[in-house]
Structures are given as structure tokens and as C-alpha cells.
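query_36.txt (compact mmCIF, C-alpha atoms) appears below.
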```txt
# COMPACT_ATOMS: atom_id res chain seq x y z
CA MET A 1 72.92 30.72 66.98
CA PRO A 2 69.58 32.48 66.75
CA GLU A 3 68.90 34.23 63.46
CA LEU A 4 68.61 37.97 64.08
CA ILE A 5 66.45 40.07 61.81
CA ALA A 6 68.35 42.91 60.17
CA LYS A 7 66.22 46.05 60.19
CA SER A 8 67.03 49.51 58.92
CA ALA A 9 66.75 52.40 61.38
CA LEU A 10 63.36 53.55 60.05
CA ASP A 11 62.01 50.19 59.00
CA GLY A 12 58.40 50.50 57.82
CA GLN A 13 58.46 54.31 57.63
CA ALA A 14 56.46 55.44 54.59
CA PRO A 15 57.91 58.27 52.48
CA LEU A 16 56.51 61.74 53.16
CA THR A 17 55.78 64.29 50.41
CA LEU A 18 54.95 67.90 51.24
CA GLY A 19 55.12 70.91 48.95
CA GLY A 20 56.85 68.94 46.22
CA VAL A 21 59.61 67.72 48.51
CA THR A 22 59.89 64.04 49.41
CA LEU A 23 61.57 62.57 52.46
CA ALA A 24 62.29 58.85 52.48
CA GLU A 25 64.65 56.42 54.08
CA ALA A 26 67.42 55.38 51.70
CA ALA A 27 68.79 51.86 51.51
CA VAL A 28 72.47 52.29 50.81
CA GLY A 29 73.82 48.85 51.63
CA PRO A 30 76.99 48.21 53.64
CA ILE A 31 78.88 51.14 55.18
CA THR A 32 82.54 50.60 56.02
CA SER A 33 84.80 53.13 57.69
CA ILE A 34 88.33 53.30 56.30
CA ALA A 35 90.71 55.17 58.59
CA VAL A 36 94.15 55.40 57.01
CA LEU A 37 96.98 54.59 59.41
CA PRO A 38 100.16 56.69 59.35
CA GLY A 39 102.12 55.67 56.26
CA GLY A 40 99.26 53.57 54.94
CA ALA A 41 98.06 55.83 52.13
CA LYS A 42 99.79 53.89 49.34
CA ALA A 43 98.48 50.51 50.46
CA VAL A 44 94.95 51.89 50.78
CA ALA A 45 95.12 53.43 47.29
CA LYS A 46 96.19 50.04 45.93
CA GLY A 47 93.39 48.24 47.77
CA LEU A 48 90.71 50.62 46.46
CA LYS A 49 91.94 50.52 42.87
CA PRO A 50 90.01 47.37 41.84
CA LEU A 51 86.81 49.27 42.76
CA GLY A 52 87.86 52.20 40.59
CA LEU A 53 87.91 54.45 43.65
CA ALA A 54 90.44 56.51 45.57
CA MET A 55 90.37 58.21 48.97
CA PRO A 56 88.27 61.34 48.41
CA GLY A 57 89.40 64.87 49.21
CA PRO A 58 87.70 66.88 51.97
CA ASN A 59 84.00 67.69 51.53
CA SER A 60 83.40 65.35 48.61
CA PHE A 61 82.21 61.92 47.57
CA ALA A 62 82.71 59.85 44.43
CA GLU A 63 80.80 56.98 42.86
CA LYS A 64 81.72 54.10 40.61
CA ALA A 65 79.03 51.54 39.67
CA ALA A 66 77.34 50.52 42.94
CA ALA A 67 80.17 51.79 45.13
CA ARG A 68 80.40 55.19 46.76
CA ILE A 69 83.30 56.62 48.74
CA LEU A 70 82.60 59.50 51.08
CA TRP A 71 85.01 61.81 52.91
CA THR A 72 84.26 61.75 56.63
CA GLY A 73 87.34 63.29 58.17
CA ARG A 74 91.08 63.66 58.09
CA ASP A 75 92.46 60.46 56.52
CA GLN A 76 89.07 58.83 56.87
CA ALA A 77 86.33 57.81 54.45
CA PHE A 78 83.22 55.64 54.29
CA LEU A 79 82.94 53.04 51.59
CA ILE A 80 79.23 52.56 50.89
CA GLY A 81 77.19 50.13 48.83
CA VAL A 82 79.74 47.35 48.41
CA ASP A 83 81.53 44.95 50.71
CA ALA A 84 84.91 46.28 51.75
CA PRO A 85 87.91 44.79 49.96
CA ALA A 86 90.86 43.50 51.95
CA LEU A 87 92.77 46.65 52.84
CA GLU A 88 96.26 47.06 54.21
CA GLY A 89 97.33 50.29 55.85
CA ALA A 90 93.96 51.22 57.31
CA ALA A 91 91.68 50.50 60.24
CA VAL A 92 88.56 49.07 58.60
CA THR A 93 85.33 48.85 60.58
CA ASP A 94 81.79 47.90 59.63
CA GLN A 95 79.46 50.84 60.33
CA SER A 96 76.42 49.57 58.42
CA ASP A 97 74.11 49.35 61.42
CA GLY A 98 75.34 52.58 63.01
CA TRP A 99 73.78 55.00 60.58
CA ALA A 100 70.39 56.07 59.32
CA VAL A 101 70.28 57.48 55.81
CA LEU A 102 67.51 59.81 54.67
CA ALA A 103 66.91 60.98 51.11
CA LEU A 104 65.41 64.42 50.58
CA SER A 105 64.45 65.37 47.04
CA GLY A 106 62.34 67.86 45.16
CA LEU A 107 62.61 71.46 43.96
CA GLY A 108 62.55 72.94 47.47
CA ALA A 109 64.85 70.40 49.12
CA ALA A 110 67.63 72.96 49.71
CA ASP A 111 65.11 75.40 51.27
CA VAL A 112 64.02 72.71 53.71
CA LEU A 113 67.56 71.80 54.72
CA ALA A 114 68.55 75.45 55.00
CA ARG A 115 66.24 75.70 58.01
CA LEU A 116 68.33 73.13 59.86
CA VAL A 117 71.87 73.34 58.49
CA PRO A 118 74.20 76.34 59.03
CA LEU A 119 75.62 76.25 55.50
CA ASP A 120 75.06 77.87 52.12
CA LEU A 121 73.16 75.11 50.34
CA ARG A 122 72.57 76.88 47.05
CA LEU A 123 73.67 74.80 44.07
CA SER A 124 76.44 77.29 43.22
CA ALA A 125 78.01 76.98 46.68
CA PHE A 126 77.12 73.34 47.34
CA PRO A 127 77.33 71.48 44.02
CA VAL A 128 76.51 67.85 43.23
CA GLY A 129 79.31 65.61 44.55
CA ARG A 130 79.83 67.70 47.66
CA ALA A 131 79.55 66.00 51.04
CA VAL A 132 80.03 67.74 54.36
CA ARG A 133 80.00 66.94 58.00
CA SER A 134 77.92 69.56 59.70
CA GLY A 135 75.01 69.95 62.05
CA LEU A 136 71.36 69.16 61.41
CA ASN A 137 70.03 71.31 64.22
CA HIS A 138 71.79 69.76 67.20
CA MET A 139 72.62 66.47 65.54
CA ASN A 140 75.88 65.60 63.89
CA ALA A 141 75.17 64.74 60.28
CA VAL A 142 76.85 63.97 56.98
CA ILE A 143 75.08 65.73 54.14
CA LEU A 144 75.62 64.78 50.50
CA ARG A 145 74.30 66.50 47.42
CA THR A 146 73.43 63.65 45.07
CA GLY A 147 71.54 65.72 42.49
CA ASP A 148 70.57 69.32 41.69
CA TYR A 149 67.47 68.82 43.82
CA ALA A 150 68.46 65.79 45.86
CA PHE A 151 70.32 65.31 49.13
CA GLU A 152 71.17 62.39 51.33
CA ILE A 153 71.49 62.94 55.05
CA MET A 154 73.31 60.50 57.30
CA VAL A 155 72.78 60.64 61.05
CA PHE A 156 73.67 58.30 63.89
CA ARG A 157 71.12 55.52 63.99
CA SER A 158 69.91 56.53 67.45
CA MET A 159 68.95 59.93 65.97
CA ALA A 160 66.90 58.51 63.08
CA ARG A 161 63.43 59.43 64.36
CA THR A 162 64.55 62.81 65.68
CA ALA A 163 66.11 63.64 62.31
CA TRP A 164 62.96 62.50 60.50
CA HIS A 165 60.80 64.62 62.79
CA GLU A 166 62.95 67.74 62.41
CA ILE A 167 63.10 67.49 58.62
CA ALA A 168 59.37 66.77 58.38
CA ALA A 169 58.66 69.86 60.53
CA ALA A 170 60.89 71.98 58.26
CA MET A 171 59.04 70.57 55.21
CA GLU A 172 55.72 71.61 56.75
CA ALA A 173 57.00 75.11 57.41
CA VAL A 174 58.40 75.57 53.91
CA ALA A 175 55.19 74.19 52.33
CA ALA A 176 53.03 76.45 54.51
CA ARG A 177 55.05 79.50 53.55
CA ALA A 178 54.81 78.61 49.85
CA SER A 179 51.02 78.25 50.14
CA LEU A 180 50.76 81.81 51.50
CA LYS A 181 52.68 83.27 48.57
CA SER A 182 50.35 81.93 45.87
CA MET B 1 81.33 84.50 64.10
CA ARG B 2 82.84 82.09 61.63
CA LEU B 3 85.95 79.95 61.70
CA LYS B 4 87.67 78.71 58.57
CA CYS B 5 88.41 75.08 59.32
CA PRO B 6 91.43 73.99 57.25
CA LEU B 7 89.51 70.88 56.17
CA CYS B 8 85.85 71.90 56.07
CA GLY B 9 86.08 75.56 55.08
CA ASP B 10 84.13 78.50 56.49
CA ARG B 11 81.80 77.28 59.24
CA ASP B 12 79.43 78.76 61.73
CA ARG B 13 80.58 79.15 65.33
CA ARG B 14 77.90 76.76 66.57
CA GLU B 15 79.77 73.84 64.97
CA PHE B 16 82.74 74.42 67.27
CA TYR B 17 83.49 73.84 70.92
CA TYR B 18 85.85 76.21 72.74
CA TYR B 19 88.41 74.57 74.97
CA GLY B 20 90.79 77.29 76.19
CA ALA B 21 94.21 78.75 75.66
CA GLU B 22 96.65 76.87 73.44
CA ASP B 23 98.87 76.59 76.55
CA TYR B 24 97.31 73.15 76.90
CA LEU B 25 99.44 72.02 73.95
CA HIS B 26 102.63 72.75 75.86
CA ARG B 27 102.60 70.14 78.57
CA PRO B 28 105.67 70.23 80.81
CA ALA B 29 108.01 67.27 80.55
CA GLU B 30 107.95 64.60 83.20
CA GLY B 31 109.82 65.76 86.30
CA ALA B 32 109.44 69.44 85.44
CA PRO B 33 109.51 71.82 88.41
CA LEU B 34 106.26 72.43 90.24
CA ALA B 35 106.19 76.03 89.03
CA ASP B 36 105.95 74.81 85.39
CA TRP B 37 102.97 72.63 86.24
CA ASP B 38 101.33 75.47 88.12
CA ASN B 39 101.84 77.67 85.08
CA TYR B 40 100.53 75.00 82.70
CA LEU B 41 97.42 74.25 84.71
CA HIS B 42 96.44 77.58 86.22
CA LEU B 43 98.19 80.66 84.91
CA ARG B 44 96.79 82.31 81.80
CA ASP B 45 97.55 85.55 80.05
CA ASN B 46 94.60 87.77 79.29
CA PRO B 47 95.93 89.88 76.44
CA ALA B 48 94.19 92.82 74.80
CA GLY B 49 95.32 91.78 71.35
CA VAL B 50 96.44 88.60 69.67
CA THR B 51 95.76 85.34 71.46
CA LYS B 52 95.71 81.66 70.55
CA ASP B 53 92.95 79.26 71.56
CA LEU B 54 92.07 75.63 71.12
CA TRP B 55 88.79 74.90 69.43
CA TYR B 56 87.23 71.55 68.57
CA HIS B 57 85.26 71.11 65.35
CA GLU B 58 82.58 69.12 67.09
CA GLN B 59 79.84 69.17 64.45
CA GLY B 60 82.31 68.85 61.61
CA CYS B 61 85.53 66.98 60.98
CA ALA B 62 86.22 66.35 64.71
CA GLN B 63 89.64 67.97 64.51
CA TRP B 64 91.31 70.13 67.17
CA LEU B 65 92.21 73.57 65.88
CA VAL B 66 94.56 76.34 67.01
CA VAL B 67 92.80 79.62 66.34
CA THR B 68 94.76 82.89 66.33
CA ARG B 69 92.48 85.81 67.02
CA ASN B 70 92.53 89.37 68.25
CA THR B 71 90.49 90.06 71.38
CA VAL B 72 90.26 93.77 70.54
CA THR B 73 89.25 93.70 66.87
CA HIS B 74 87.75 90.17 66.87
CA GLU B 75 89.77 89.47 63.75
CA ILE B 76 90.62 85.81 63.20
CA SER B 77 94.03 85.68 61.57
CA GLY B 78 94.73 81.97 61.47
CA VAL B 79 93.24 78.52 61.96
CA GLU B 80 95.45 75.45 61.83
CA LEU B 81 95.06 71.77 62.62
CA VAL B 82 96.67 70.69 65.87
CA ALA B 83 97.44 67.37 64.19
CA GLU B 84 99.49 69.03 61.46
CA ARG B 85 101.02 71.96 63.30
CA LYS B 86 104.74 72.48 63.36
CA ALA B 87 105.78 72.11 66.98
```
Written form, C-alpha cells:
Amino acid sequence: MPELIAKSALDGQAPLTLGGVTLAEAAVGPITSIAVLPGGAKAVAKGLKPLGLAMPGPNSFAEKAAARILWTGRDQAFLIGVDAPALEGAAVTDQSDGWAVLALSGLGAADVLARLVPLDLRLSAFPVGRAVRSGLNHMNAVILRTGDYAFEIMVFRSMARTAWHEIAAAMEAVAARASLKS
Amino acid sequence: MRLKCPLCGDRDRREFYYYGAEDYLHRPAEGAPLADWDNYLHLRDNPAGVTKDLWYHEQGCAQWLVVTRNTVTHEISGVELVAERKA
């Protein structure tokens, strides 16, 4: 068997900082989809217990040590950062290579995203620990607030460069506008 | 226009895809008379008032929704998940 080289979606892409906001690719480790089968909720809860995690409610994520669990739909979540435990009662699939994860941080991060995402991203309406499926312009995306001024954006791997480009363009626009004000 | 997805909350219309009347949920049983199939496939009411549509939360939770809305006032009076509706 030939040894294949595992590469992230934006391998070699240097972080970009503009107007105090930084865009970088995030290395999050393994991503596993857990889709609970009808009647499987109890077994899944039992299987996740050793990790100190439970299936998250809609629009949220939770973290415990290196593991993160992220709501991605009805009876569905992504387990991120750790290898999946043996789980009964769910369809478990490895999604690690299917996603690109971008980290956007800095004081104006919400202003940048607000140009692309049709949601109220102010901290009061979109607090830390919130995770939504929504649109990043025309792309499907999962958007997590990981800090007061920090977001992670997950897009399909095939959209990685488009997402980077769109966010970078929004960063330029926000930075240009800020430079006019001063 | 906004729809309040039962899972995701208030969302912009651009996240949704419109499919058509909720008649599509009431598929005739196998062997039903031809008239029922004709009705199911082709005949639609066009009410001035309350109507029910199917919408798909395409850029969100990927759930099918039944939306109850008023074509006169544009009021949206209900959004429920097709997957959890009471038949």
C-alpha cells in the first residue's frame, strides 16, 4: 500500500491579519459524525459518558479536555478532536477530511462575519458556546463562537479557498472602513 | 421575510428553499383512484388567506418544514418539522 500524505484543506496557507483581525486555518484533529438512530439515544449517551460529553442541544457546542461535541442537526452531532469511542445506537462516520476549519479572531471579528452571515452576531445574541449552521454567503457553514472575539468557521473542504477568499475580502472592507473613520 | 425554524430559531429567508404546497405530504395510497393521483400531482388551491407550504432549511439544519402563512397579510403563524409532525 502506498503511503498517502495527509494534508489539511489549506495546507501551507499563512495566517492573514488585517485591521486587528486574524484569519488562520485551524487544526482541530479528527471529526466524527454521530447520527443517533431511532431509539438509540440512551446507548449514545452511555458511549459518550467516558469522554465527559453528552449530545448537545440545538445551536450549541460543548468541550471537555481535548474533545469537543458540536450540534449539527436533528439527532446529529460532530465529535471533534478525539478518536470516536465505540458507539451503539448511532451511525458513526469519519468526516475528518471532509471539512476545512478557519479561525477568525480579533476585536472586529464579528463585524467581518456580519458581512457574510445573515445572523445577529453580537455577543449578546450569539454568546460563547453557540454554534449554528447557516450560510457564509452562498456556502453552507457551521459557525462557532469560541471566545468573545473568536469564531471558528467550518465549510466543506471543496469550499476552503472560496471561504478564505470571501472572508479575506470582508476583512479588507472592514479594515478600509475603519481607516476612514480615524 | 423570516422563518422561525423549530431547531435553529429565527432565520433569514435566503437560508430556505421553497418546495410547494404541503399537499405533497399526503401521498395517495397504492391503488388509489386516478382522480386522487391527479389531485395530488396537479391540483392546487390558491387561497386568499391561510395556506400551508413545504420549505427546506437548506443552509441550516437540513430539515423539511411545514409553514403556515397568510397570503393576504403575509403573517407566518406556524413552522413545524415534517419529521415530528402529528399526521
Return as a ChimeraX atom specification the residues belonging to chain A that are within 8 Å of chain B, counting all atoms listed in the file. /A:58-59,72-74,118-119,132-135,139-141
Let me have the centre and edge lengths of the axis-aligned box enclosing all listed atoms of range 119-136 of chain A with 4 Å padding on every side, in Å to one decimal, as JSON.
```
{"center_x": 75.7, "center_y": 71.7, "center_z": 52.6, "size_x": 16.7, "size_y": 20.3, "size_z": 26.8}
```
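Contact shell of Asp38 in chain B at 12 Å (only C-alpha atoms; same-chain neighbours under 6 positions omitted): Asp23, Arg27, Pro28, Ala32 and Arg44 of chain B.
In this model, the gap between CA of Val82 in chain A and CA of Gln13 in chain A comes to 24.2 Å.
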As a list in words, please: the residues near Ala100 in chain A (cut-off 8 Å, all atoms listed in the file, same-chain neighbours under 4 positions excluded). Ser8, Ala9, Leu10, Glu25, Met154, Val155, Phe156, Arg157, Met159 and Ala160 of chain A
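We find CA of Ala67 in chain A and CA of Gly129 in chain A to be spaced 13.9 Å apart.
With all atoms listed in the file as the atoms that count, the minimum distance from Tyr24 in chain B to the choices B:Ile76, B:Leu3, B:Ala48, B:Leu54 is reached by B:Leu54.
The gap separating CA of Gly12 in chain A from CA of Gly106 in chain A is 21.8 Å, in Å to one decimal.
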Excluding Thr51 in chain B and any residue of its chain fewer than 3 positions from it, enumerate the residues within 10 Å of it, using only C-alpha atoms, and give them as a VMD selection string. chain B and resid 21 to 22 45 to 48 67 to 71 76
Could you pull the residues within 10 Å of range 113-115 of chain A, counting all atoms listed in the file, minus those fewer than 2 positions along the same chain, as an NGL selection string? :A and (104 or 108-111 or 117-122 or 136-137 or 143 or 151 or 153 or 166-167 or 169-171 or 173-174)
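Contact shell of Trp55 in chain B at 7 Å (all atoms listed in the file; same-chain neighbours under 2 positions omitted): Phe16, Tyr17, Tyr18, Tyr19, Asp53, His57, Trp64, Leu65, Val66 and Val67 of chain B.
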Using the selection just defined, write its residues with C-alpha atoms as a compact mmCIF listing (two decimals), in the coordinates of the input.
```
# COMPACT_ATOMS: atom_id res chain seq x y z
CA PHE B 16 82.74 74.42 67.27
CA TYR B 17 83.49 73.84 70.92
CA TYR B 18 85.85 76.21 72.74
CA TYR B 19 88.41 74.57 74.97
CA ASP B 53 92.95 79.26 71.56
CA HIS B 57 85.26 71.11 65.35
CA TRP B 64 91.31 70.13 67.17
CA LEU B 65 92.21 73.57 65.88
CA VAL B 66 94.56 76.34 67.01
CA VAL B 67 92.80 79.62 66.34
```
Could you check which of B:Leu81, B:Leu25, B:Arg2, B:Asp36 is closest to Tyr56 in chain B, using only C-alpha atoms? B:Leu81
Using all atoms listed in the file for the distances, tell me which of A:Ala168, A:Leu37, A:Leu16, A:Ala62 is nearest to Leu116 in chain A. A:Ala168
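For the choices A:Leu18, A:Ala26, A:Val128, A:Ala77, the atom-to-atom distance to Ala175 in chain A is smallest for A:Leu18 when using all atoms listed in the file.
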